[in-house]
Amino acid sequence: MADDVRELLLSTTADADPSTPLSAPDLRLLIDRLRIRSDRLHASALSFASSHRAPLAAALLRAADSSASSSSLESSLASALAPLSSSPGLSDLRELTDRLLAARRELRERQEHLAAASSVADLAARLRAARASPDPLAAAAAAAELKPLLVDPEGSGSSQDEPVVFGLLRNDWEQLVDELQVMLAKNLEECVEFAPEGGKVMVRTAPVGKSGGTPGVELRVALQALEIIDAVDYGMTKLADLMIKHVLVPAISNISVAVSVEALEKSGPQYPISILCVTPTEELQGYKDGSALYSRIIDIIKFVCETICGENITWMQSFSKLTWSRISDLVIKHFISKAVPHEASKLIEFQDVVRSTTEFENTLRNMMFISHEKRDGKLTQFVDDVEVHFAVRKRNEILVKARHLLVHYDYDNPLASHDREDSIVDLLFLPEKCFISKSALQLMKLVHGALKDACLSSARVAKELCYAARDALLLYKAIVPVQLEKQLDSINQVAAIIHNDFYHLSQEILGLAFEYRADFPGDLQKLVVFVDLAPTFSQMADGVLTRQIQLVTANLIEAIDGADGFQNTHQPQHYESAKFSIEQVVFILEKIHIMWESILPRSIYKRSMCYILGSVFSRITKDMLLIDDMAAEETLQLQGLIHLALENLSSLFLSLVENEFLDHQTWIELDEIIRPLKKFRKLAELLDMSLKSITAAWESGELTNCGFTSSEVQNFVKAIFADSPLRKECLLWISRTPS
């Protein structure tokens, strides 16, 4: 309408500015036009109402009805709110609302409790029905259906938020499953009967009597029920153990046996029976490649598969899981390990065993008895590693032999052997010989044999043999010193032989690399070494000899101490004591001479005896020079003791040089190798020399060359000669003359 007025207004003032105020004529013209327009609209509305009278009347009637209903609702609402408006009542309304909500919650909870009680009652009823069912398959199926309802799939434990009654139902279900397992397992045992003497098993399709007080079920039905409740392994466990004990062990451990299967038809109340027998046979069935043994095992497994498992893959795999590992161990123990060759040259013949073993496992895989996983290929893994097994067995044999000969060798009588000459060996890096024990000789033969085999073997076998040779050598170091501890701690011929053993072994070890390294397989030429052992054995030899020298020296010093410093030898008692001491020294030295000369290498014998003699002569010379006063008779006695020692040691002296007589040249040679001997012999001369001769000998340097010092000569002069102007003059000359 506003738009129409604006149009009328614009039409009347078409030439004028719209913002210009209207004049009176224009306003009247506008009013007339509006009236005309209103009349037209009114006429149009009347015409529309006349032509649509019926619809408009119906619409108005409905509007009147709606208005009446609204009025009625308004009065009803007013009457309902009247009590509220006349009382304090909003709090009552809230209380009423709360009571209504509480009632609804209680109703909902009771409905939930009722549903839970219904579920519990249903579960309990199903458990009772399962327990009462005479059909084990039905009972097992019911137990399996109840499992997801009672057992948490992520764990067997109960939830902390669940009702206690569910825990009780779970316990009841577990008890039901346990009863089923025990009953069905007992049923299996009654279907499969083993002979007490072993080697025979009888399988019935159903037990003859009753199982646990209830009629027994067929073997197939019992296994089906066990499978439903996931308890096939439980039912098969004892059956598998008995099959291993009574059938498989006799069939695998004995060579001359035969496997036979007999089927008996149903007769009377008896069910069909299948019998497997493992019986001895007069025909000797050698294992050779193992085909006869493997054929027997396959026949037994086929019997189990057909008569017990009914060719059911699941049951067969359960039996396999419980028995295959033990079957493999039995085959390895009683056949494959014994078939491993003793000589490297026969390893190629073992390939027949490898082939038959591979075919055996492939046959079992085709029967679905074992899988293709590595853990089920235990036999093929073992035969594929036959080189390692051969090497390990060879290594063990070498170490056992080495230990046996070291432990059982009679070291108390090492020279009693009739073939003593065999124990005298040449040293590898010295032009000498020495006596060694039979144990060391045999040990080196064992080592050389192992290394020769290593040169002809593959890298894996050679490695084990080389390590066996090393370990055999180390066994000597570990066993012998401990076993002969008492002998090594005393002056003993055995100790000298042990020294030679260590010394000889150290030289042999150094030679092993030159002798065998070039012939080792390429990978081992840098990997396997022996030279690192040589210093250890050499040190052990030095340690044994050093200990013996210490013991001998200690005994000699003790004997010399018995002379009480060789003082007052002009008195009979002291002279006898000194003489006995010299005789003891000579006895000990001669004993060592006899004990060592025929055993030790000459260079070591010579060096050791020179050291011991040097310490003896040095100690005796020192004691005699410390005497502060000697009578004329005493000097003669001391000189006699020195000559006694030298004369009685003549054979010992000759053993140190190449000469047959103790001539002047021999004494010169002895003085060179035993430095204190020259001083000792010169002391004997000094005891019979005049003062001037002693002084002249000092001035000429002769005494100095013999090892005398200025103070020793002066003290010697003071001890022998009485105080006099000549002695003073000689002492002055001695003190002034440089040594």
# chains A, B, ... in the order shown; residues from 1 in each chain; ligands from 1
>>> residues_around(residues="segment 361-369 of chain A", least_positions_apart="6", cutoff="7 Å", atoms="only C-alpha atoms", output="PyMOL selection string")
chain A and resi 313+316-317+320
>>> closest_residue(among="A:Ser69, A:Gln111, A:Ser618, A:Gln639", to="Arg675 of chain A", atoms="only C-alpha atoms")
A:Ser618
>>> atom_distance(atom1="atom CA of Ala478 of chain A", atom2="atom CA of Ile498 of chain A")
12.9 Å
>>> residues_around(residues="Val331 of chain A", least_positions_apart="6", cutoff="9 Å", atoms="only C-alpha atoms", output="PyMOL selection string")
chain A and resi 252-253+293-294+337+379
>>> closest_residue(among="A:Ile642, A:Val585, A:Leu446, A:Ala138", to="Val400 of chain A", atoms="only C-alpha atoms")
A:Leu446
>>> closest_residue(among="A:Asp501, A:Asp519, A:Asp542, A:Asp412", to="Ser437 of chain A", atoms="only C-alpha atoms")
A:Asp501
>>> closest_residue(among="A:Lys682, A:Pro725, A:Val383, A:Arg375", to="Gln351 of chain A", atoms="only C-alpha atoms")
A:Val383
